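Source file: query-v3.cif. Holds: mmCIF, C-alpha atoms and all ligand atoms.
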data_run
loop_
_atom_site.label_atom_id
_atom_site.label_comp_id
_atom_site.auth_asym_id
_atom_site.auth_seq_id
_atom_site.Cartn_x
_atom_site.Cartn_y
_atom_site.Cartn_z
CA MET A 11 -14.26 13.69 -15.03
CA LEU A 12 -12.13 10.56 -15.28
CA TYR A 13 -10.65 9.62 -11.90
CA LEU A 14 -7.20 8.06 -12.24
CA ASP A 15 -5.96 8.47 -8.68
CA ASN A 16 -7.12 5.14 -7.29
CA ALA A 17 -3.78 4.63 -5.53
CA ALA A 18 -4.67 7.63 -3.36
CA THR A 19 -8.13 6.34 -2.54
CA THR A 20 -11.15 4.61 -4.06
CA PRO A 21 -14.88 5.22 -3.74
CA VAL A 22 -16.79 2.98 -1.33
CA ARG A 23 -18.50 0.20 -3.27
CA ARG A 24 -22.27 0.08 -3.02
CA ASP A 25 -22.30 -3.55 -1.80
CA VAL A 26 -19.73 -2.59 0.85
CA LEU A 27 -21.89 0.27 2.07
CA GLU A 28 -24.92 -2.02 2.16
CA ALA A 29 -23.00 -4.61 4.19
CA MET A 30 -21.94 -1.90 6.64
CA TRP A 31 -25.26 -0.15 7.02
CA PRO A 32 -26.81 -2.44 9.70
CA PHE A 33 -23.71 -2.05 11.88
CA LEU A 34 -24.00 1.72 11.77
CA THR A 35 -27.70 1.62 12.68
CA ALA A 36 -29.73 -1.19 14.26
CA GLU A 37 -26.72 -3.42 15.06
CA PHE A 38 -24.71 -0.66 16.68
CA GLY A 39 -23.37 -2.66 19.62
CA ASN A 40 -19.94 -2.55 21.20
CA PRO A 41 -18.36 -5.98 20.63
CA SER A 42 -16.98 -5.96 24.18
CA SER A 43 -20.44 -5.61 25.77
CA HIS A 44 -21.79 -8.74 27.49
CA HIS A 45 -25.33 -8.55 26.19
CA THR A 46 -27.05 -9.62 23.01
CA VAL A 47 -26.59 -6.26 21.28
CA GLY A 48 -22.84 -6.47 21.91
CA GLU A 49 -22.70 -10.13 21.02
CA ARG A 50 -24.22 -9.51 17.60
CA ALA A 51 -21.54 -6.91 16.91
CA ALA A 52 -18.86 -9.30 18.19
CA SER A 53 -20.14 -12.00 15.91
CA ALA A 54 -20.06 -9.69 12.85
CA LEU A 55 -16.53 -8.68 13.77
CA ALA A 56 -15.51 -12.32 14.06
CA ASP A 57 -16.98 -13.05 10.61
CA ALA A 58 -15.06 -10.12 9.12
CA ARG A 59 -11.87 -11.32 10.80
CA ARG A 60 -12.38 -14.81 9.35
CA THR A 61 -12.75 -13.37 5.85
CA VAL A 62 -9.51 -11.43 6.18
CA ALA A 63 -7.76 -14.48 7.69
CA GLU A 64 -8.89 -16.66 4.77
CA TRP A 65 -7.71 -14.00 2.32
CA TRP A 66 -4.20 -14.28 3.78
CA GLY A 67 -4.38 -17.97 4.71
CA VAL A 68 -3.68 -17.26 8.39
CA ARG A 69 -5.37 -17.85 11.73
CA ALA A 70 -8.13 -15.39 12.65
CA SER A 71 -6.21 -14.67 15.87
CA GLU A 72 -3.34 -13.31 13.77
CA VAL A 73 -5.48 -10.57 12.16
CA VAL A 74 -5.49 -7.17 13.84
CA PHE A 75 -7.97 -4.55 12.67
CA THR A 76 -6.50 -1.04 12.67
CA SER A 77 -7.57 2.44 11.58
CA GLY A 78 -5.84 2.06 8.21
CA GLY A 79 -2.58 1.33 6.45
CA THR A 80 -0.56 3.87 8.41
CA GLU A 81 -1.51 2.32 11.72
CA ALA A 82 -0.99 -1.21 10.41
CA ASP A 83 2.53 -0.24 9.27
CA ASN A 84 3.26 1.46 12.61
CA LEU A 85 2.03 -1.57 14.52
CA ALA A 86 4.03 -4.05 12.47
CA VAL A 87 7.28 -2.09 12.35
CA LYS A 88 7.38 -0.58 15.84
CA GLY A 89 5.50 -3.44 17.44
CA ILE A 90 7.74 -6.24 16.19
CA VAL A 91 10.96 -4.38 16.94
CA LEU A 92 9.84 -3.35 20.42
CA ALA A 93 8.65 -6.88 21.19
CA ARG A 94 11.93 -8.41 20.08
CA GLN A 95 14.57 -5.86 21.07
CA PRO A 96 13.38 -2.61 22.65
CA ARG A 97 16.84 -0.98 22.53
CA GLY A 98 19.51 -0.91 19.86
CA ALA A 99 17.80 -3.15 17.32
CA HIS A 100 19.18 -3.49 13.81
CA ILE A 101 16.52 -3.10 11.12
CA VAL A 102 16.69 -3.27 7.32
CA SER A 103 14.38 -1.45 4.94
CA THR A 104 14.45 0.52 1.69
CA ARG A 105 14.30 4.21 0.87
CA ILE A 106 11.21 3.72 -1.31
CA GLU A 107 8.85 2.71 1.53
CA HIS A 108 5.75 4.72 2.38
CA GLU A 109 6.22 7.40 5.05
CA ALA A 110 4.25 5.22 7.48
CA VAL A 111 7.20 2.81 7.50
CA LEU A 112 10.00 5.38 7.06
CA GLU A 113 8.79 7.60 9.91
CA SER A 114 8.26 4.57 12.18
CA LEU A 115 11.89 3.64 11.52
CA LEU A 116 13.06 7.17 12.35
CA PHE A 117 11.05 7.00 15.58
CA LEU A 118 12.77 3.75 16.54
CA GLU A 119 16.18 5.29 15.80
CA ARG A 120 15.39 8.42 17.76
CA PHE A 121 13.76 6.95 20.85
CA HIS A 122 14.94 3.34 20.93
CA ASP A 123 18.53 3.60 19.68
CA ALA A 124 17.69 1.41 16.70
CA HIS A 125 19.96 1.36 13.69
CA VAL A 126 18.40 1.13 10.23
CA SER A 127 20.29 -0.05 7.15
CA TYR A 128 18.66 0.85 3.84
CA VAL A 129 19.15 -1.62 1.03
CA ASP A 130 19.55 0.02 -2.36
CA THR A 131 17.09 -0.70 -5.14
CA ASP A 132 18.05 -0.76 -8.79
CA ASP A 133 16.83 2.00 -11.11
CA THR A 134 13.47 0.26 -11.52
CA GLY A 135 12.90 0.13 -7.76
CA LEU A 136 13.68 -3.58 -7.38
CA VAL A 137 15.57 -4.99 -4.41
CA THR A 138 17.60 -8.09 -5.22
CA PRO A 139 18.12 -10.90 -2.69
CA GLU A 140 21.88 -10.32 -3.08
CA ALA A 141 21.58 -6.63 -2.20
CA LEU A 142 19.48 -7.54 0.83
CA ALA A 143 21.93 -10.23 1.95
CA ALA A 144 24.73 -7.66 1.81
CA VAL A 145 23.15 -5.40 4.46
CA LEU A 146 21.70 -8.06 6.74
CA ARG A 147 23.49 -8.73 10.01
CA ASP A 148 23.34 -11.73 12.33
CA ASP A 149 21.47 -9.53 14.78
CA THR A 150 18.97 -7.98 12.32
CA VAL A 151 15.60 -8.03 14.05
CA LEU A 152 13.26 -6.91 11.27
CA VAL A 153 13.26 -6.42 7.52
CA SER A 154 10.44 -4.25 6.14
CA ILE A 155 10.11 -4.11 2.34
CA MET A 156 6.90 -3.18 0.58
CA LEU A 157 5.20 -5.62 -1.80
CA ALA A 158 4.24 -2.96 -4.37
CA ASN A 159 5.30 0.65 -4.48
CA ASN A 160 2.59 3.31 -4.43
CA GLU A 161 4.38 5.75 -6.76
CA ILE A 162 6.06 3.59 -9.39
CA GLY A 163 4.14 0.33 -8.96
CA THR A 164 7.23 -1.88 -8.80
CA VAL A 165 6.42 -5.29 -7.31
CA GLN A 166 9.14 -6.92 -5.22
CA ASP A 167 9.95 -10.63 -5.16
CA VAL A 168 8.98 -10.68 -1.50
CA ALA A 169 9.12 -14.47 -1.21
CA SER A 170 12.83 -14.53 -2.12
CA LEU A 171 13.59 -11.50 0.06
CA ALA A 172 11.79 -13.01 3.07
CA GLN A 173 13.74 -16.22 2.66
CA VAL A 174 17.02 -14.32 2.80
CA ALA A 175 15.86 -12.38 5.88
CA HIS A 176 14.83 -15.58 7.63
CA GLY A 177 18.31 -16.94 6.97
CA VAL A 178 19.65 -14.59 9.66
CA GLY A 179 16.61 -14.98 11.91
CA ALA A 180 15.04 -11.60 11.06
CA ALA A 181 11.26 -11.21 10.92
CA PHE A 182 9.88 -9.91 7.60
CA HIS A 183 7.14 -7.30 7.23
CA THR A 184 5.65 -6.20 3.93
CA ASP A 185 3.44 -3.19 3.28
CA ALA A 186 0.78 -4.64 0.97
CA VAL A 187 -1.46 -1.56 0.97
CA GLN A 188 -1.25 -1.03 -2.79
CA ALA A 189 -1.07 -4.71 -3.66
CA ALA A 190 -4.35 -5.56 -1.90
CA GLY A 191 -6.99 -6.62 -4.39
CA TRP A 192 -4.46 -6.98 -7.21
CA LEU A 193 -1.80 -9.44 -6.08
CA ASP A 194 -1.98 -12.72 -4.18
CA LEU A 195 -1.61 -11.96 -0.47
CA ASN A 196 -1.35 -15.56 0.70
CA VAL A 197 1.12 -15.39 3.56
CA ALA A 198 2.51 -18.87 2.99
CA SER A 199 3.38 -17.97 -0.63
CA LEU A 200 4.84 -14.62 0.38
CA GLY A 201 6.69 -16.13 3.35
CA VAL A 202 6.19 -13.00 5.48
CA ASP A 203 5.68 -12.66 9.23
CA ALA A 204 3.69 -9.42 9.07
CA LEU A 205 1.71 -7.60 6.44
CA SER A 206 -0.37 -4.42 6.32
CA VAL A 207 -3.37 -3.36 4.25
CA SER A 208 -5.80 -0.45 4.11
CA GLY A 209 -9.54 -0.57 3.41
CA HIS A 210 -9.92 2.63 1.42
CA LYS A 211 -7.61 1.45 -1.35
CA LEU A 212 -9.99 -1.36 -2.26
CA GLY A 213 -13.50 -0.03 -2.03
CA ALA A 214 -13.99 0.07 1.74
CA PRO A 215 -14.14 3.38 3.63
CA LYS A 216 -11.27 5.36 5.10
CA GLY A 217 -10.61 4.53 8.74
CA ILE A 218 -10.22 0.76 8.53
CA GLY A 219 -7.16 -1.35 7.86
CA ALA A 220 -5.63 -4.56 9.04
CA ALA A 221 -2.32 -6.14 9.91
CA TYR A 222 -1.22 -9.74 9.96
CA VAL A 223 1.21 -10.60 12.71
CA ARG A 224 2.51 -14.17 12.95
CA ALA A 225 1.55 -15.51 16.37
CA ARG A 226 5.03 -16.58 17.35
CA VAL A 227 6.51 -13.24 16.27
CA GLY A 228 4.03 -11.07 18.18
CA VAL A 229 3.99 -7.33 18.66
CA GLU A 230 4.25 -4.82 21.45
CA PRO A 231 1.10 -2.69 21.11
CA VAL A 232 1.35 0.87 19.86
CA LEU A 233 -2.07 1.84 21.27
CA HIS A 234 -2.69 1.04 24.92
CA GLY A 235 -6.06 0.81 26.61
CA GLY A 236 -8.86 -1.69 26.98
CA GLY A 237 -7.01 -4.64 25.46
CA GLN A 238 -9.11 -5.21 22.34
CA GLU A 239 -7.66 -7.18 19.40
CA ARG A 240 -6.01 -9.64 21.80
CA GLY A 241 -4.26 -6.74 23.50
CA TRP A 242 -2.41 -5.86 20.28
CA ARG A 243 -4.58 -2.85 19.47
CA SER A 244 -6.75 -1.23 22.09
CA GLY A 245 -9.79 0.83 21.19
CA THR A 246 -13.42 -0.03 20.53
CA GLU A 247 -13.42 -1.86 17.24
CA ASN A 248 -14.72 -0.24 14.05
CA VAL A 249 -17.26 -3.01 13.48
CA ALA A 250 -18.93 -1.45 10.44
CA GLY A 251 -15.51 -0.68 8.95
CA ALA A 252 -14.32 -4.26 9.47
CA VAL A 253 -17.54 -5.64 7.96
CA GLY A 254 -17.09 -3.25 5.01
CA MET A 255 -13.50 -4.27 4.55
CA ALA A 256 -14.47 -7.96 4.53
CA ALA A 257 -17.12 -7.24 1.87
CA ALA A 258 -14.57 -5.31 -0.19
CA VAL A 259 -12.06 -8.15 0.11
CA ARG A 260 -14.62 -10.74 -1.03
CA ALA A 261 -15.57 -8.59 -4.03
CA ALA A 262 -11.97 -7.85 -4.99
CA GLU A 263 -10.80 -11.44 -4.57
CA ASN A 264 -13.69 -12.81 -6.64
CA GLU A 265 -12.45 -10.98 -9.69
CA ARG A 266 -8.79 -10.41 -8.80
CA VAL A 267 -7.15 -12.69 -11.35
CA SER A 268 -9.28 -11.62 -14.30
CA ALA A 269 -9.29 -7.94 -13.28
CA SER A 270 -5.51 -7.94 -12.86
CA ALA A 271 -4.99 -9.39 -16.33
CA ARG A 272 -7.51 -7.02 -17.93
CA VAL A 273 -6.23 -3.86 -16.21
CA SER A 274 -2.58 -4.79 -16.85
CA ALA A 275 -3.36 -4.98 -20.56
CA VAL A 276 -5.12 -1.58 -20.50
CA ARG A 277 -2.16 -0.14 -18.58
CA ASP A 278 0.39 -1.57 -21.03
CA ARG A 279 -1.42 -0.20 -24.08
CA PHE A 280 -1.62 3.17 -22.34
CA ILE A 281 2.08 3.15 -21.48
CA ALA A 282 2.98 2.30 -25.08
CA GLU A 283 0.71 5.07 -26.36
CA VAL A 284 2.23 7.66 -23.98
CA LEU A 285 5.78 6.72 -24.93
CA ARG A 286 4.76 7.01 -28.60
CA GLN A 287 2.84 10.29 -28.37
CA VAL A 288 4.79 12.27 -25.78
CA PRO A 289 8.32 13.24 -26.80
CA GLY A 290 10.87 12.59 -24.06
CA ALA A 291 8.43 10.72 -21.76
CA LEU A 292 10.17 8.41 -19.30
CA LEU A 293 8.40 5.44 -17.73
CA THR A 294 9.34 5.13 -14.06
CA GLY A 295 9.42 1.82 -12.20
CA HIS A 296 9.82 -1.68 -13.55
CA PRO A 297 8.67 -2.38 -17.12
CA THR A 298 6.96 -5.69 -16.25
CA ARG A 299 7.06 -6.31 -12.49
CA ARG A 300 4.52 -3.60 -11.74
CA LEU A 301 1.07 -3.29 -10.23
CA PRO A 302 -1.69 -3.68 -12.84
CA THR A 303 -3.02 -0.27 -11.84
CA ILE A 304 -0.01 2.03 -11.99
CA ALA A 305 1.43 3.87 -14.99
CA SER A 306 3.98 6.45 -13.83
CA PHE A 307 6.09 8.80 -15.89
CA CYS A 308 8.40 11.77 -15.85
CA PHE A 309 8.12 14.43 -18.52
CA PRO A 310 11.46 16.28 -18.53
CA GLY A 311 11.12 19.96 -19.38
CA THR A 312 7.71 20.27 -17.68
CA SER A 313 6.47 20.60 -14.13
CA GLY A 314 4.43 17.64 -12.91
CA GLU A 315 2.03 19.94 -11.07
CA ALA A 316 1.46 22.05 -14.21
CA VAL A 317 0.78 18.92 -16.28
CA LEU A 318 -1.74 17.76 -13.64
CA LEU A 319 -3.57 21.09 -13.85
CA GLU A 320 -3.68 20.90 -17.65
CA LEU A 321 -4.95 17.34 -17.47
CA GLU A 322 -7.64 18.30 -14.99
CA GLN A 323 -8.84 21.00 -17.38
CA ARG A 324 -9.17 18.24 -19.94
CA GLY A 325 -11.24 16.14 -17.53
CA VAL A 326 -8.58 13.79 -16.14
CA VAL A 327 -7.70 13.57 -12.45
CA SER A 328 -4.33 12.02 -11.63
CA SER A 329 -1.50 12.84 -9.24
CA SER A 330 2.16 13.65 -9.01
CA GLY A 331 4.52 10.97 -7.77
CA SER A 332 4.51 12.44 -4.28
CA ALA A 333 0.74 12.43 -3.80
CA CYS A 334 0.89 10.65 -0.47
CA ALA A 335 3.14 13.25 1.17
CA ALA A 336 0.28 15.73 1.32
CA GLY A 337 1.17 19.29 0.49
CA SER A 338 4.86 18.60 -0.04
CA ASP A 339 6.79 20.42 -2.77
CA GLU A 340 9.84 18.23 -2.30
CA PRO A 341 10.71 15.87 -5.14
CA SER A 342 9.47 12.36 -4.46
CA HIS A 343 11.74 10.39 -2.13
CA VAL A 344 10.91 7.27 -4.15
CA LEU A 345 12.01 8.73 -7.48
CA THR A 346 15.22 10.20 -6.07
CA ALA A 347 15.96 6.89 -4.31
CA ILE A 348 15.85 5.03 -7.63
CA GLY A 349 18.36 7.48 -9.05
CA ILE A 350 16.15 10.00 -10.84
CA ASP A 351 17.55 13.52 -10.80
CA PRO A 352 15.53 15.70 -8.37
CA ALA A 353 14.72 18.18 -11.17
CA ILE A 354 13.33 15.37 -13.33
CA ALA A 355 11.48 13.90 -10.32
CA GLN A 356 9.53 17.19 -10.12
CA THR A 357 8.02 16.32 -13.51
CA ALA A 358 6.37 13.08 -12.32
CA VAL A 359 2.78 12.15 -13.06
CA ARG A 360 1.15 8.95 -11.82
CA PHE A 361 -2.01 7.44 -13.29
CA SER A 362 -3.65 4.80 -11.09
CA LEU A 363 -6.38 2.82 -12.79
CA ALA A 364 -9.54 1.14 -11.45
CA SER A 365 -10.92 -2.27 -12.36
CA THR A 366 -13.48 -0.44 -14.51
CA THR A 367 -10.98 1.67 -16.52
CA THR A 368 -11.22 0.99 -20.26
CA ASP A 369 -8.93 1.18 -23.27
CA GLU A 370 -11.13 3.86 -24.81
CA GLU A 371 -10.79 6.05 -21.73
CA MET A 372 -7.04 5.58 -21.60
CA ALA A 373 -6.65 6.32 -25.32
CA ASP A 374 -8.30 9.69 -24.65
CA VAL A 375 -6.04 10.23 -21.63
CA ALA A 376 -2.94 9.60 -23.77
CA THR A 377 -4.13 12.26 -26.23
CA ALA A 378 -4.99 14.69 -23.42
CA LEU A 379 -1.61 14.02 -21.83
CA ALA A 380 0.30 14.68 -25.05
CA ALA A 381 -1.54 18.01 -25.41
CA SER A 382 -0.97 18.88 -21.75
CA VAL A 383 2.74 18.14 -21.88
CA ALA A 384 3.06 20.11 -25.12
CA THR A 385 1.29 23.09 -23.53
CA VAL A 386 3.40 23.01 -20.39
CA SER A 387 6.68 22.66 -22.23
CA GLY A 388 5.67 25.53 -24.47
CA LEU A 389 5.80 23.45 -27.62
CA GLY A 390 2.17 23.73 -28.54
CA SER A 391 -1.10 25.19 -27.44
CA ALA A 392 -4.06 23.78 -25.54
N1 LIG B 401 1.41 2.28 2.54
C1 LIG B 401 1.25 2.54 1.24
C2 LIG B 401 2.11 1.83 0.24
C3 LIG B 401 0.31 3.48 0.83
O1 LIG B 401 0.17 3.75 -0.48
C4 LIG B 401 -0.48 4.14 1.80
C5 LIG B 401 -1.46 5.19 1.41
O2 LIG B 401 -1.31 5.87 0.47
C6 LIG B 401 -0.30 3.80 3.15
C7 LIG B 401 0.65 2.87 3.48
C8 LIG B 401 -1.11 4.45 4.23
O3 LIG B 401 -2.42 3.94 4.25
P1 LIG B 401 -3.62 4.78 4.92
O4 LIG B 401 -3.95 5.90 3.98
O5 LIG B 401 -4.73 3.78 5.05
O6 LIG B 401 -3.14 5.26 6.25
#
Rendering of file as structure tokens:
Amino acid sequence: MLYLDNAATTPVRRDVLEAMWPFLTAEFGNPSSHHTVGERAASALADARRTVAEWWGVRASEVVFTSGGTEADNLAVKGIVLARQPRGAHIVSTRIEHEAVLESLLFLERFHDAHVSYVDTDDTGLVTPEALAAVLRDDTVLVSIMLANNEIGTVQDVASLAQVAHGVGAAFHTDAVQAAGWLDLNVASLGVDALSVSGHKLGAPKGIGAAYVRARVGVEPVLHGGGQERGWRSGTENVAGAVGMAAAVRAAENERVSASARVSAVRDRFIAEVLRQVPGALLTGHPTRRLPTIASFCFPGTSGEAVLLELEQRGVVSSSGSACAAGSDEPSHVLTAIGIDPAIAQTAVRFSLASTTTDEEMADVATALAASVATVSGLGSA
């Protein structure tokens, strides 16, 4: 079986598991405990925090470990808005964000009288600085725009967008969950005030994530309790998870530049092959500004779910565009937001590659896909 759903989740790397193992067994301490067992856990947590801080080029005190990307997004979006203007805040975002951001925004509208303006993207999913400037207000508190989209892979020019947002004094958050391990997450280059990532997208386990929050921006906590993570995120820290995430970050960053170039080339040859072999195939997202890992298409005249089933019978596991909205039959909110007809959006299939994916594998996938699409559209047989 060839697994091409790495945007949904990745397997835990062996070196990550090995790094974590001691902190699940002998070194099991609670980092808040004032004895040597606790201190050893606290020291491992501090090391992991330093690794993440170096990855982003920020202070260790600005790194908050969370339970994953969803919590990191919730903390950044709700936390910054509630810290700055608990009632009636004006916020700007896009309609192609992950649900973790979109639902946090709806919560702020519903319970904190916030008002959200959504900046339109073009038909590739890109937000231009001009489009952002047009919806910003003098009193905009927060702009949240993802670095790379999980369904179509489009990569925003976050540095330019953040500069525009700062022009009106708004803080800028970016969801970097899909970008982690593939794009440069240096905060000074990106110019952002907050950023979120998730461990299980880059070879660490599910249940660990992290947020950057610029010290002078700050957040109101979403989880209240014992005051861990400088009071920004209460709850006994997931020490093994944080250690695993740090190991995954080191591994990914070591080979990021070469892996990104290699996988982008595999992806591009695959996209070209699909467009050549599959009649009517539409590439979704931006042709060049896209994550190395994501090749996403619509196949008008089919059903995305039926194509996925056919592909799985041929040994390929991938997902529809709406994979993250578990169990939903609705057309993807991302695809409809970039102007794709809802009926066409139902025909979406997303392939998300790993650093180990090869040209040979993807050549076979293109052939299997052509046969699957032909079967589903009734033009041929399996
Ligand atoms: N943001 C993006 C862009 C994602 O793709 C995902 C997961 O699919 C999340 C946030 C949520 O991350 P997690 O699964 O760690 O909660």
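Between atom CA of Arg279 of chain A and atom CA of Tyr13 of chain A there is a distance of 18.2 Å.
You can rank A:Val137, A:Val276, A:Val197, A:Leu152 by their closest distance to Val73 of chain A using only C-alpha atoms, and at the top of that list sits A:Val197.
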Taking all atoms of ligand LIG 401 (chain B) that appear in the file, build a box with edges along x, y and z, extend it by 8 Å on every side, and state its centre and edge lengths in Å to one decimal, as lines of an AutoDock Vina configuration file.
center_x = -1.3
center_y = 3.9
center_z = 2.9
size_x = 22.8
size_y = 20.1
size_z = 22.7
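For the residues A:Ala347, A:Ala63, A:Leu85, A:Ala172, ranking by smallest atom-to-atom distance to ligand LIG 401 (chain B) using all atoms listed in the file places A:Leu85 first.
Each of A:Ile90, A:Ala124, A:Ala261, A:Ala225 was checked against Thr61 of chain A using all atoms listed in the file; the smallest atom-to-atom distance is that of A:Ala261.
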(request) Produce as number ranges by chain the set of residues near ligand LIG 401 (chain B), where near means within 10 Å with only C-alpha atoms and all ligand atoms considered. (result) A: 16-19, 76-84, 106-111, 156-161, 163, 184-189, 206-211, 215-220, 332-335
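Separating atom CA of Leu118 of chain A from atom CA of Gly179 of chain A is a distance of 19.7 Å.
For the atom pair formed by atom CA of Glu230 of chain A and atom CA of Val87 of chain A, the distance is 10.0 Å, given to one decimal.
The set of protein, DNA and RNA residues with any counted atom at most 12 Å from (13.6, 0.5, -15.5) (all atoms listed in the file) reads A:Thr131, A:Asp132, A:Asp133, A:Thr134, A:Gly135, A:Leu136, A:Ile162, A:Gly163, A:Thr164, A:Leu292, A:Leu293, A:Thr294, A:Gly295, A:His296, A:Pro297, A:Thr298, A:Arg299, A:Arg300, A:Ser306, A:Phe307, A:Leu345, A:Ile348, A:Gly349, A:Ile350.
The environment of Thr377 of chain A within 10 Å, counting all atoms listed in the file and disregarding residues fewer than 6 places along the same chain, consists of Glu283, Val284, Gln287 and Val288 of chain A.
With all atoms listed in the file taken into account, the protein and nucleic acid residues at most 9 Å from segment 314-323 of chain A (excluding it and anything under 2 positions from it in its own chain) are Met11, Leu12, Cys308, Phe309, Thr312, Gly325, Val326, Val327, Ser328, Ser329, Ser330, Gly331, Ala355, Gln356, Thr357, Ala358, Val359, Val375, Ala378, Leu379, Ala381, Ser382, Val383, Thr385, Val386 and Ala392 of chain A.
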